[in-house]
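**Q** So that you have it, the file is protein-v2.txt, and it contains compact mmCIF, C-alpha atoms:
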# COMPACT_ATOMS: atom_id res chain seq x y z
CA MET M 1 43.48 158.66 136.70
CA LEU M 2 46.70 157.29 135.28
CA VAL M 3 49.99 158.51 136.65
CA SER M 4 52.64 159.82 134.32
CA PHE M 5 53.97 156.89 132.35
CA PHE M 6 54.94 158.24 128.93
CA ILE M 7 58.43 159.66 128.69
CA SER M 8 59.81 161.22 125.53
CA SER M 9 62.43 159.22 123.66
CA GLU M 10 64.78 162.18 123.97
CA VAL M 11 64.79 165.54 125.78
CA ARG M 12 66.14 168.05 123.33
CA ALA M 13 68.19 170.96 124.68
CA THR M 14 67.88 173.05 121.55
CA ARG M 15 65.69 173.08 118.47
CA THR M 16 67.37 172.79 115.08
CA GLU M 17 65.30 174.25 112.26
CA PRO M 18 65.35 172.08 109.14
CA ALA M 19 67.54 173.34 106.32
CA LEU M 20 65.51 173.17 103.11
CA SER M 21 67.23 172.97 99.75
CA PRO M 22 66.10 175.27 96.91
CA ALA M 23 64.44 172.24 95.29
CA GLU M 24 62.53 171.46 98.49
CA VAL M 25 61.39 175.07 98.83
CA THR M 26 60.13 174.93 95.25
CA GLN M 27 58.36 171.64 96.00
CA LEU M 28 56.63 173.11 99.04
CA ASP M 29 55.69 176.29 97.22
CA GLU M 30 54.00 174.39 94.41
CA LEU M 31 52.25 172.09 96.88
CA GLU M 32 50.94 175.04 98.88
CA ARG M 33 49.86 177.11 95.90
CA ARG M 34 47.87 174.27 94.36
CA THR M 35 46.34 173.22 97.66
CA PHE M 36 45.36 176.79 98.48
CA ASN M 37 43.38 176.94 95.25
CA PHE M 38 40.92 174.45 96.73
CA PHE M 39 39.96 176.98 99.41
CA LEU M 40 39.94 179.85 96.95
CA GLU M 41 37.58 178.09 94.55
CA HIS M 42 35.34 176.20 96.99
CA SER M 43 34.64 178.81 99.67
CA ASP M 44 31.34 180.56 99.07
CA PRO M 45 31.97 184.25 98.23
CA ARG M 46 28.88 185.43 100.13
CA SER M 47 29.00 183.32 103.30
CA GLY M 48 32.71 182.45 103.30
CA LEU M 49 31.87 178.85 104.24
CA THR M 50 34.07 176.16 102.71
CA ARG M 51 32.74 172.97 101.16
CA ASP M 52 33.67 169.64 102.69
CA ARG M 53 35.05 168.26 99.41
CA ALA M 54 35.22 168.93 95.69
CA PRO M 55 36.20 167.15 92.48
CA ALA M 56 39.95 167.13 91.96
CA ASN M 57 39.56 168.30 88.36
CA GLY M 58 38.10 171.66 89.40
CA ALA M 59 34.46 170.92 88.66
CA SER M 60 31.82 172.51 90.88
CA SER M 61 31.01 170.79 94.16
CA ALA M 62 27.60 169.91 95.56
CA ALA M 63 29.01 169.06 98.99
CA PRO M 64 27.81 170.96 102.06
CA ALA M 65 30.04 173.25 104.03
CA SER M 66 32.12 171.80 106.83
CA ILE M 67 32.74 173.98 109.88
CA ALA M 68 36.21 172.43 110.30
CA ALA M 69 37.01 173.11 106.64
CA SER M 70 36.01 176.73 107.19
CA GLY M 71 38.50 176.92 110.05
CA PHE M 72 41.29 175.64 107.83
CA ALA M 73 40.21 178.22 105.24
CA LEU M 74 40.62 181.05 107.76
CA THR M 75 44.22 179.95 108.23
CA ALA M 76 44.66 179.55 104.47
CA TRP M 77 43.77 183.25 104.01
CA CYS M 78 46.57 184.17 106.43
CA ILE M 79 49.09 182.12 104.46
CA ALA M 80 47.88 183.56 101.14
CA ASP M 81 48.13 187.11 102.45
CA GLN M 82 51.63 186.57 103.78
CA ARG M 83 52.80 185.05 100.50
CA GLY M 84 51.09 187.61 98.27
CA TRP M 85 48.82 185.13 96.51
CA LEU M 86 45.85 187.51 96.71
CA PRO M 87 45.48 191.25 96.05
CA PRO M 88 46.16 193.46 99.09
CA GLY M 89 43.22 193.43 101.48
CA ALA M 90 41.43 190.52 99.78
CA ALA M 91 42.31 187.90 102.39
CA ARG M 92 41.32 190.21 105.25
CA GLN M 93 37.95 190.82 103.62
CA ARG M 94 37.36 187.10 103.17
CA VAL M 95 38.08 186.54 106.86
CA ARG M 96 35.64 189.27 107.85
CA THR M 97 32.96 187.83 105.57
CA THR M 98 33.34 184.33 106.96
CA LEU M 99 33.40 185.34 110.60
CA ARG M 100 30.44 187.71 110.29
CA PHE M 101 28.31 185.08 108.59
CA ILE M 102 29.27 182.38 111.09
CA ALA M 103 28.66 184.65 114.07
CA GLU M 104 25.25 185.77 112.83
CA HIS M 105 23.78 182.99 110.69
CA VAL M 106 25.32 179.53 111.23
CA ASP M 107 23.35 177.13 113.42
CA HIS M 108 24.86 176.22 116.76
CA GLU M 109 23.90 174.73 120.12
CA HIS M 110 25.27 176.40 123.23
CA GLY M 111 27.93 177.89 120.92
CA TRP M 112 28.95 174.53 119.43
CA PHE M 113 28.69 174.44 115.64
CA TYR M 114 27.14 171.66 113.62
CA HIS M 115 29.52 169.50 111.62
CA TYR M 116 27.86 170.15 108.24
CA VAL M 117 25.82 173.19 107.25
CA ASP M 118 24.28 174.60 104.10
CA THR M 119 26.90 176.67 102.32
CA GLN M 120 24.51 179.53 101.57
CA THR M 121 22.22 179.59 104.61
CA GLY M 122 24.33 178.14 107.45
CA ARG M 123 21.50 175.78 108.44
CA ARG M 124 22.28 172.31 109.85
CA LEU M 125 22.28 169.43 107.33
CA TRP M 126 21.99 165.63 107.38
CA LYS M 127 20.88 165.49 111.03
CA CYS M 128 24.55 165.90 111.90
CA GLU M 129 25.87 166.56 115.38
CA ALA M 130 26.88 169.80 117.04
CA SER M 131 30.52 168.75 117.07
CA THR M 132 33.01 169.61 119.78
CA ILE M 133 36.11 168.71 117.76
CA ASP M 134 34.96 170.41 114.56
CA THR M 135 34.09 173.57 116.51
CA ALA M 136 37.60 173.51 118.00
CA LEU M 137 39.21 173.15 114.57
CA PHE M 138 37.20 176.12 113.35
CA LEU M 139 38.09 178.14 116.43
CA GLN M 140 41.80 177.45 116.04
CA GLY M 141 41.63 178.84 112.50
CA ALA M 142 39.65 181.84 113.71
CA ILE M 143 42.13 182.64 116.50
CA CYS M 144 45.01 182.36 114.05
CA ALA M 145 43.29 184.87 111.73
CA ARG M 146 42.59 187.21 114.64
CA GLU M 147 46.23 187.22 115.69
CA TYR M 148 47.56 187.51 112.15
CA PHE M 149 45.38 190.37 110.85
CA ARG M 150 45.08 192.33 114.11
CA ASP M 151 41.89 193.84 112.73
CA GLU M 152 39.29 195.20 115.16
CA THR M 153 36.35 193.77 113.22
CA VAL M 154 37.98 190.36 113.07
CA ARG M 155 38.86 190.53 116.75
CA ALA M 156 35.34 191.43 117.83
CA LEU M 157 33.79 188.62 115.80
CA VAL M 158 36.23 185.95 116.98
CA ASP M 159 35.83 187.05 120.59
CA LYS M 160 32.04 186.88 120.26
CA ILE M 161 32.13 183.37 118.80
CA TYR M 162 34.62 182.17 121.41
CA ALA M 163 32.85 183.66 124.43
CA ARG M 164 29.45 182.15 123.66
CA ILE M 165 30.69 178.53 123.69
CA ASP M 166 29.38 176.75 126.78
CA TRP M 167 32.30 174.45 127.54
CA PRO M 168 30.96 172.88 130.79
CA TRP M 169 27.70 171.99 129.01
CA ALA M 170 29.66 169.65 126.70
CA LEU M 171 30.99 167.77 129.73
CA ASN M 172 27.43 166.49 130.27
CA GLY M 173 28.12 165.91 133.94
CA GLY M 174 31.38 164.04 133.38
CA ASN M 175 35.08 164.81 133.56
CA THR M 176 35.73 164.62 129.80
CA LEU M 177 34.08 166.26 126.81
CA VAL M 178 31.50 164.46 124.70
CA HIS M 179 31.94 164.15 120.94
CA GLY M 180 28.75 166.07 120.26
CA TRP M 181 24.99 166.54 120.58
CA ARG M 182 21.95 166.06 118.34
CA PRO M 183 18.50 167.59 118.80
CA GLU M 184 16.87 164.23 118.09
CA ASN M 185 18.56 162.20 120.85
CA GLY M 186 20.80 164.47 122.90
CA PHE M 187 24.45 163.89 123.75
CA ILE M 188 26.54 161.39 121.81
CA PRO M 189 27.71 158.69 124.26
CA HIS M 190 31.34 158.76 123.08
CA ARG M 191 33.81 160.98 124.93
CA TRP M 192 37.23 162.43 124.31
CA ASP M 193 38.73 160.24 127.03
CA SER M 194 41.91 158.87 125.43
CA TYR M 195 44.68 160.21 123.22
CA ALA M 196 43.51 161.48 119.82
CA GLU M 197 43.32 164.76 117.91
CA MET M 198 41.64 166.61 120.79
CA LEU M 199 44.56 168.30 122.59
CA GLY M 200 43.59 171.66 121.15
CA LEU M 201 39.95 171.13 122.10
CA TYR M 202 40.76 170.83 125.80
CA LEU M 203 43.31 173.63 125.76
CA LEU M 204 40.91 176.07 124.06
CA GLY M 205 38.29 175.17 126.64
CA MET M 206 40.63 175.78 129.55
CA GLY M 207 41.83 179.09 128.11
CA ALA M 208 38.35 180.30 127.16
CA PRO M 209 37.34 183.85 128.13
CA ALA M 210 33.97 182.65 129.50
CA ASN M 211 32.33 179.40 130.58
CA SER M 212 35.75 177.74 130.56
CA LEU M 213 36.73 174.16 131.38
CA PRO M 214 38.32 173.44 134.75
CA PRO M 215 42.02 172.51 134.50
CA ALA M 216 41.15 169.08 135.92
CA THR M 217 39.79 168.11 132.50
CA TRP M 218 43.33 168.15 131.10
CA HIS M 219 44.26 165.39 133.52
CA ALA M 220 41.08 163.33 133.04
CA TRP M 221 41.84 161.72 129.68
CA GLN M 222 44.04 158.66 129.22
CA ARG M 223 47.51 159.04 127.71
CA GLY M 224 47.32 155.78 125.87
CA PRO M 225 47.48 153.17 124.62
CA VAL M 226 51.28 153.29 124.57
CA VAL M 227 52.89 151.04 121.97
CA SER M 228 56.33 150.35 120.53
CA TYR M 229 57.24 149.76 116.91
CA ALA M 230 60.57 149.88 115.09
CA GLY M 231 62.33 151.11 118.20
CA ARG M 232 59.89 153.97 118.81
CA THR M 233 57.52 154.19 121.79
CA PHE M 234 54.51 156.47 121.55
CA MET M 235 50.85 157.01 122.39
CA GLN M 236 48.96 155.36 119.58
CA CYS M 237 45.89 156.37 117.63
CA ALA M 238 45.93 154.59 114.28
CA PRO M 239 44.90 157.29 111.72
CA LEU M 240 47.87 159.61 111.35
CA PHE M 241 45.72 162.77 111.33
CA THR M 242 45.14 162.26 115.06
CA HIS M 243 48.83 162.99 115.56
CA GLN M 244 48.70 166.09 113.35
CA PHE M 245 45.61 168.25 113.88
CA SER M 246 46.45 169.75 117.28
CA HIS M 247 49.98 170.55 116.06
CA ALA M 248 48.69 172.52 113.08
CA TRP M 249 48.15 175.53 115.35
CA PHE M 250 49.63 174.68 118.76
CA ASP M 251 53.42 174.71 118.70
CA PHE M 252 54.34 171.88 121.05
CA ARG M 253 58.03 171.93 120.13
CA ASP M 254 60.27 172.14 123.20
CA ARG M 255 57.23 171.95 125.50
CA ARG M 256 55.85 169.15 127.60
CA ASP M 257 53.46 168.64 130.47
CA ASP M 258 53.72 166.11 133.31
CA TYR M 259 52.74 163.28 130.99
CA ALA M 260 54.34 163.56 127.58
CA ASP M 261 56.30 165.36 124.94
CA TYR M 262 53.46 165.52 122.40
CA TRP M 263 55.71 166.79 119.62
CA GLN M 264 58.12 163.89 119.92
CA ASN M 265 55.13 161.56 120.19
CA SER M 266 53.95 162.69 116.74
CA VAL M 267 57.46 162.39 115.32
CA ASP M 268 57.66 158.83 116.59
CA ALA M 269 54.16 157.93 115.35
CA THR M 270 55.00 159.27 111.88
CA LEU M 271 58.28 157.44 111.52
CA ALA M 272 56.89 154.25 113.06
CA GLN M 273 54.16 154.26 110.44
CA ARG M 274 56.77 154.64 107.73
CA GLU M 275 58.50 151.50 108.98
CA TRP M 276 55.18 149.68 109.39
CA CYS M 277 54.22 150.41 105.80
CA ALA M 278 57.62 149.24 104.57
CA ASP M 279 57.21 146.06 106.57
CA ARG M 280 53.89 145.41 104.77
CA ALA M 281 55.53 145.34 101.34
CA GLY M 282 54.89 141.62 101.22
CA ASP M 283 51.17 142.41 101.20
CA PHE M 284 51.35 145.52 99.02
CA SER M 285 54.27 145.49 96.63
CA HIS M 286 54.26 149.25 96.06
CA TRP M 287 54.57 150.11 99.77
CA SER M 288 58.07 150.96 100.96
CA ARG M 289 60.03 153.56 102.91
CA GLU M 290 59.70 155.71 99.78
CA LEU M 291 55.94 155.15 99.31
CA TRP M 292 53.89 155.06 102.50
CA GLY M 293 51.24 156.93 104.45
CA LEU M 294 47.83 155.98 105.80
CA THR M 295 45.19 158.02 107.57
CA SER M 296 41.40 158.41 107.37
CA SER M 297 40.57 158.94 103.72
CA ASP M 298 38.55 158.04 100.67
CA SER M 299 38.97 154.50 99.39
CA ALA M 300 37.52 152.25 96.71
CA ARG M 301 34.89 151.19 99.27
CA GLY M 302 34.07 154.64 100.61
CA TYR M 303 35.49 156.84 103.36
CA VAL M 304 37.53 154.74 105.78
CA ALA M 305 39.12 155.47 109.16
CA TRP M 306 42.36 153.52 108.92
CA GLY M 307 46.00 153.79 109.85
CA GLY M 308 48.80 152.03 111.67
CA PRO M 309 50.99 150.58 113.10
CA PHE M 310 49.15 147.53 114.39
CA VAL M 311 45.54 146.60 114.02
CA SER M 312 43.10 149.19 112.75
CA PRO M 313 39.32 148.58 112.66
CA ASN M 314 39.68 148.81 108.88
CA GLN M 315 42.51 146.76 107.41
CA PRO M 316 44.57 148.40 104.64
CA ASP M 317 44.17 147.41 101.00
CA GLY M 318 47.25 149.10 99.51
CA THR M 319 45.78 152.61 99.41
CA VAL M 320 48.12 155.48 100.32
CA VAL M 321 47.00 158.92 101.44
CA PRO M 322 49.05 162.03 100.55
CA CYS M 323 47.93 164.04 103.58
CA ALA M 324 49.48 161.39 105.85
CA PRO M 325 53.01 162.56 105.00
CA GLY M 326 51.70 166.02 104.03
CA GLY M 327 50.31 166.65 107.51
CA SER M 328 53.49 165.30 109.10
CA LEU M 329 55.93 167.47 107.16
CA PRO M 330 57.35 169.30 110.22
CA PHE M 331 57.75 166.03 112.16
CA ALA M 332 59.95 164.31 109.56
CA PRO M 333 60.77 166.78 106.77
CA ALA M 334 63.18 164.70 104.69
CA GLU M 335 61.10 161.53 104.84
CA CYS M 336 57.79 163.28 104.14
CA LEU M 337 59.12 165.42 101.28
CA ALA M 338 60.61 162.30 99.71
CA VAL M 339 57.38 160.32 99.83
CA LEU M 340 55.37 163.22 98.40
CA ARG M 341 57.79 163.34 95.47
CA GLN M 342 57.40 159.60 95.02
CA MET M 343 53.61 159.78 95.18
CA ARG M 344 53.61 162.38 92.44
CA ALA M 345 56.01 160.31 90.32
CA VAL M 346 54.03 157.09 90.75
CA GLY M 347 50.56 158.59 90.42
CA GLY M 348 51.23 161.11 87.67
CA GLU M 349 48.53 163.52 86.55
CA ARG M 350 45.73 161.33 87.91
CA VAL M 351 47.08 161.88 91.43
CA TRP M 352 48.66 165.34 91.09
CA SER M 353 45.93 167.67 89.84
CA ARG M 354 44.45 171.15 90.07
CA TYR M 355 44.47 171.25 93.88
CA GLY M 356 47.68 169.32 94.41
CA PHE M 357 47.12 165.73 95.50
CA VAL M 358 43.84 163.85 95.27
CA ASP M 359 42.64 162.55 98.61
CA ALA M 360 43.98 159.00 98.17
CA PHE M 361 45.03 156.45 95.60
CA ASN M 362 45.91 152.78 95.38
CA PRO M 363 49.04 152.05 93.32
CA GLN M 364 48.27 148.33 93.70
CA THR M 365 44.91 148.42 91.91
CA GLY M 366 45.04 151.73 90.01
CA TRP M 367 42.11 153.22 91.94
CA VAL M 368 42.30 157.04 92.38
CA SER M 369 39.94 159.17 94.44
CA PRO M 370 38.06 161.64 92.24
CA ASP M 371 37.94 164.20 95.06
CA VAL M 372 39.93 166.45 97.33
CA VAL M 373 38.75 166.50 100.96
CA ALA M 374 38.97 169.93 102.58
CA ILE M 375 40.43 168.99 105.96
CA ASP M 376 43.03 166.76 104.30
CA ALA M 377 44.03 169.58 101.98
CA GLY M 378 43.97 171.93 104.95
CA ILE M 379 46.34 169.97 107.16
CA THR M 380 48.75 169.62 104.24
CA LEU M 381 48.73 173.36 103.50
CA VAL M 382 49.09 174.44 107.13
CA MET M 383 51.86 172.00 107.99
CA ALA M 384 53.77 172.78 104.80
CA GLU M 385 53.75 176.44 105.78
CA ASN M 386 54.75 175.64 109.35
CA LEU M 387 57.73 173.70 108.00
CA ARG M 388 58.73 176.58 105.74
CA SER M 389 58.23 179.53 108.04
CA GLY M 390 56.39 178.66 111.26
CA LEU M 391 53.86 181.36 110.27
CA VAL M 392 50.78 179.65 111.71
CA TRP M 393 52.51 178.70 114.95
CA GLU M 394 53.99 182.16 115.37
CA ASN M 395 50.66 183.92 115.12
CA PHE M 396 48.41 181.45 116.92
CA MET M 397 50.74 181.08 119.91
CA ARG M 398 50.51 184.83 120.60
CA ALA M 399 46.88 184.48 121.67
CA PRO M 400 46.39 185.14 125.39
CA GLU M 401 43.89 182.29 125.63
CA VAL M 402 46.48 179.89 124.27
CA ARG M 403 49.19 181.05 126.64
CA ARG M 404 46.79 180.82 129.59
CA ALA M 405 45.71 177.30 128.64
CA LEU M 406 49.27 176.00 128.35
CA ARG M 407 50.08 177.48 131.73
CA LEU M 408 47.02 175.90 133.35
CA ALA M 409 47.85 172.53 131.79
CA GLY M 410 51.32 172.68 133.32
CA PHE M 411 53.39 172.89 130.15
CA LYS M 412 57.04 173.72 130.68
CA SER M 413 59.91 174.36 128.31
CA THR M 414 62.10 171.33 127.77
CA THR M 415 64.86 173.64 126.58
CA THR M 416 64.80 175.61 129.83
CA ALA M 417 64.70 172.42 131.88
CA SER M 418 67.71 171.05 130.04
CA VAL M 419 69.69 174.24 130.49
CA VAL M 420 68.88 174.37 134.21
CA ALA M 421 69.89 170.74 134.60
CA ARG M 422 73.24 171.35 132.90
CA LEU M 423 73.92 174.42 135.02
CA ALA M 424 73.15 172.47 138.19
CA MET M 425 75.78 169.91 137.27
CA VAL M 426 78.57 172.49 137.16
CA GLU M 427 77.58 174.54 140.22
CA PRO M 428 80.00 174.19 143.14
Translate this file's structure into structure tokens.
**A**
Amino acid sequence: MLVSFFISSEVRATRTEPALSPAEVTQLDELERRTFNFFLEHSDPRSGLTRDRAPANGASSAAPASIAASGFALTAWCIADQRGWLPPGAARQRVRTTLRFIAEHVDHEHGWFYHYVDTQTGRRLWKCEASTIDTALFLQGAICAREYFRDETVRALVDKIYARIDWPWALNGGNTLVHGWRPENGFIPHRWDSYAEMLGLYLLGMGAPANSLPPATWHAWQRGPVVSYAGRTFMQCAPLFTHQFSHAWFDFRDRRDDYADYWQNSVDATLAQREWCADRAGDFSHWSRELWGLTSSDSARGYVAWGGPFVSPNQPDGTVVPCAPGGSLPFAPAECLAVLRQMRAVGGERVWSRYGFVDAFNPQTGWVSPDVVAIDAGITLVMAENLRSGLVWENFMRAPEVRRALRLAGFKSTTTASVVARLAMVEP
């Protein structure tokens, strides 16, 4: 096990909320409203399950449901209810419908949901895996809805789904969680053993009401690799979504454990990527500090897991991905709002469509994705709302399981630590 080696660039004594201009509020409101329409139009009215993707022009989708997309949808209903985008009671009913169907009909293994399921039946599709990370993303959305609506039916369903997950089973005899399991060949050999999007997965397991993970699992994964770029040092995982997904629900601001300030790490990763993209302008003339952003996305050659800084298994081709800055809005508000404006200006109506931004586009070649991908739309919607109001953080962080997990993982307030340190300096 590695000792603590990653220290935040700066310990902040107080948190300063970003001051948004009226124009920025309008920009965020339009972005959220359009993005929300994806979930409204591509969640099945009977099952509540949300399709993995859909055409950006609003045409019907033949894609299966994604369990992670359905988790983002549960959070989307909270945002829509708070902002009055649906008739009174409509969002609550949608949450009940989704949770009831998932609790009673969707295939799972030891409580772990399959990545893709039939939108109408809930049956497993494509010989996909029972996915640990996708189950966690769904569960984070479900817990957020439980805490927001404070509805007894919702609470009972979420608690049932949460309690039946067999967390130790997914350790498969090891100290870290596996990526998943398939009936045909058992456990996937890959594990969540180094820094990625899985912080919430471990924390939910440790805080679980039954069959929970031992706290030792929090210490078993590697905080690395640690890299430096453009004066910023951070734990690296190339696709930018890996620095975003846990933060969509867990509010890591002014908190750290013995290893890292995960909030500052994501700030540094976001701004380092901005500089990295600008430094690649010699390769891609449209890339700059005003037009940047790369994370796993559609591309002209199919879905690609790419990012930066440094070497990614898939080298960039000039494509930019709106959910890269969209999912990082709270980390770097001014920079991310600016690039989203530039993306819209450069891409025009081909890029800015019925559901907000398409999944990706290449200003170098003129290629534009025809689709919107649910989890990419979801992270944009949730993080835009967190920047505006902190609504998702405020509700999710009330959950007793979340508070218990953070305590077991050893998280402490950096604000409190700073205040104590300052007081100690002036004591006689």
**Q** Between M:Gly347, M:Gly410, M:Gly58, M:Gly207, which has the minimum distance to Gly366 in chain M (counting all atoms listed in the file)?
**A**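 Of M:Gly347, M:Gly410, M:Gly58, M:Gly207, the one nearest Gly366 in chain M is M:Gly347, counting all atoms listed in the file.
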**Q** Output as CSV one row per residue of range 309-351 of chain M within 6 Å of range 285-296 of chain M: the closest atom pair and its distance in Å to one decimal place, counting only C-alpha atoms, sorted by chain and residue number ascending.
**A**
residue,atom,partner,partner_atom,distance
M:Val320,CA,M:Gly293,CA,5.4
M:Val321,CA,M:Leu294,CA,5.3
M:Ala324,CA,M:Gly293,CA,5.0
M:Pro325,CA,M:Gly293,CA,5.9
M:Val339,CA,M:Glu290,CA,5.2
**Q** Those selected residues, please, written with C-alpha atoms and delivered as a compact mmCIF listing (two decimals), keeping the file's coordinate frame.
**A**
# COMPACT_ATOMS: atom_id res chain seq x y z
CA VAL M 320 48.12 155.48 100.32
CA VAL M 321 47.00 158.92 101.44
CA ALA M 324 49.48 161.39 105.85
CA PRO M 325 53.01 162.56 105.00
CA VAL M 339 57.38 160.32 99.83
**Q** Could you work out an axis-aligned bounding box for all listed atoms of range 259-265 of chain M, with 6 Å added on each of the six sides, and give its centre and edge lengths in Å to one decimal, as AutoDock Vina command-line options?
**A**
--center_x 55.4 --center_y 164.2 --center_z 125.3 --size_x 17.4 --size_y 17.2 --size_z 23.4
**Q** Identify the residues within 12 Å of coordinate (46.8, 178.8, 132.8) (same frame as the file), considering only C-alpha atoms, and give the answer as a PyMOL selection string.
**A** chain M and resi 203-209+212-216+218+400-412
**Q** Write a file of the just-selected residues containing C-alpha atoms, as a PDB file, in the coordinates of the input.
**A**
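Below you can see result-v1.pdb, which holds the result:
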ATOM      1  CA  LEU M 203      43.310 173.630 125.760  1.00  0.00           C
ATOM      2  CA  LEU M 204      40.910 176.070 124.060  1.00  0.00           C
ATOM      3  CA  GLY M 205      38.290 175.170 126.640  1.00  0.00           C
ATOM      4  CA  MET M 206      40.630 175.780 129.550  1.00  0.00           C
ATOM      5  CA  GLY M 207      41.830 179.090 128.110  1.00  0.00           C
ATOM      6  CA  ALA M 208      38.350 180.300 127.160  1.00  0.00           C
ATOM      7  CA  PRO M 209      37.340 183.850 128.130  1.00  0.00           C
ATOM      8  CA  SER M 212      35.750 177.740 130.560  1.00  0.00           C
ATOM      9  CA  LEU M 213      36.730 174.160 131.380  1.00  0.00           C
ATOM     10  CA  PRO M 214      38.320 173.440 134.750  1.00  0.00           C
ATOM     11  CA  PRO M 215      42.020 172.510 134.500  1.00  0.00           C
ATOM     12  CA  ALA M 216      41.150 169.080 135.920  1.00  0.00           C
ATOM     13  CA  TRP M 218      43.330 168.150 131.100  1.00  0.00           C
ATOM     14  CA  PRO M 400      46.390 185.140 125.390  1.00  0.00           C
ATOM     15  CA  GLU M 401      43.890 182.290 125.630  1.00  0.00           C
ATOM     16  CA  VAL M 402      46.480 179.890 124.270  1.00  0.00           C
ATOM     17  CA  ARG M 403      49.190 181.050 126.640  1.00  0.00           C
ATOM     18  CA  ARG M 404      46.790 180.820 129.590  1.00  0.00           C
ATOM     19  CA  ALA M 405      45.710 177.300 128.640  1.00  0.00           C
ATOM     20  CA  LEU M 406      49.270 176.000 128.350  1.00  0.00           C
ATOM     21  CA  ARG M 407      50.080 177.480 131.730  1.00  0.00           C
ATOM     22  CA  LEU M 408      47.020 175.900 133.350  1.00  0.00           C
ATOM     23  CA  ALA M 409      47.850 172.530 131.790  1.00  0.00           C
ATOM     24  CA  GLY M 410      51.320 172.680 133.320  1.00  0.00           C
ATOM     25  CA  PHE M 411      53.390 172.890 130.150  1.00  0.00           C
ATOM     26  CA  LYS M 412      57.040 173.720 130.680  1.00  0.00           C
TER      27      LYS M 412
END
**Q** List as a PyMOL selection string the protein and nucleic acid residues near Asp81 in chain M, meaning an atom at most 6 Å away when only C-alpha atoms are counted, but skip any in the same chain fewer than 3 places from it.
**A** chain M and resi 78+84+91
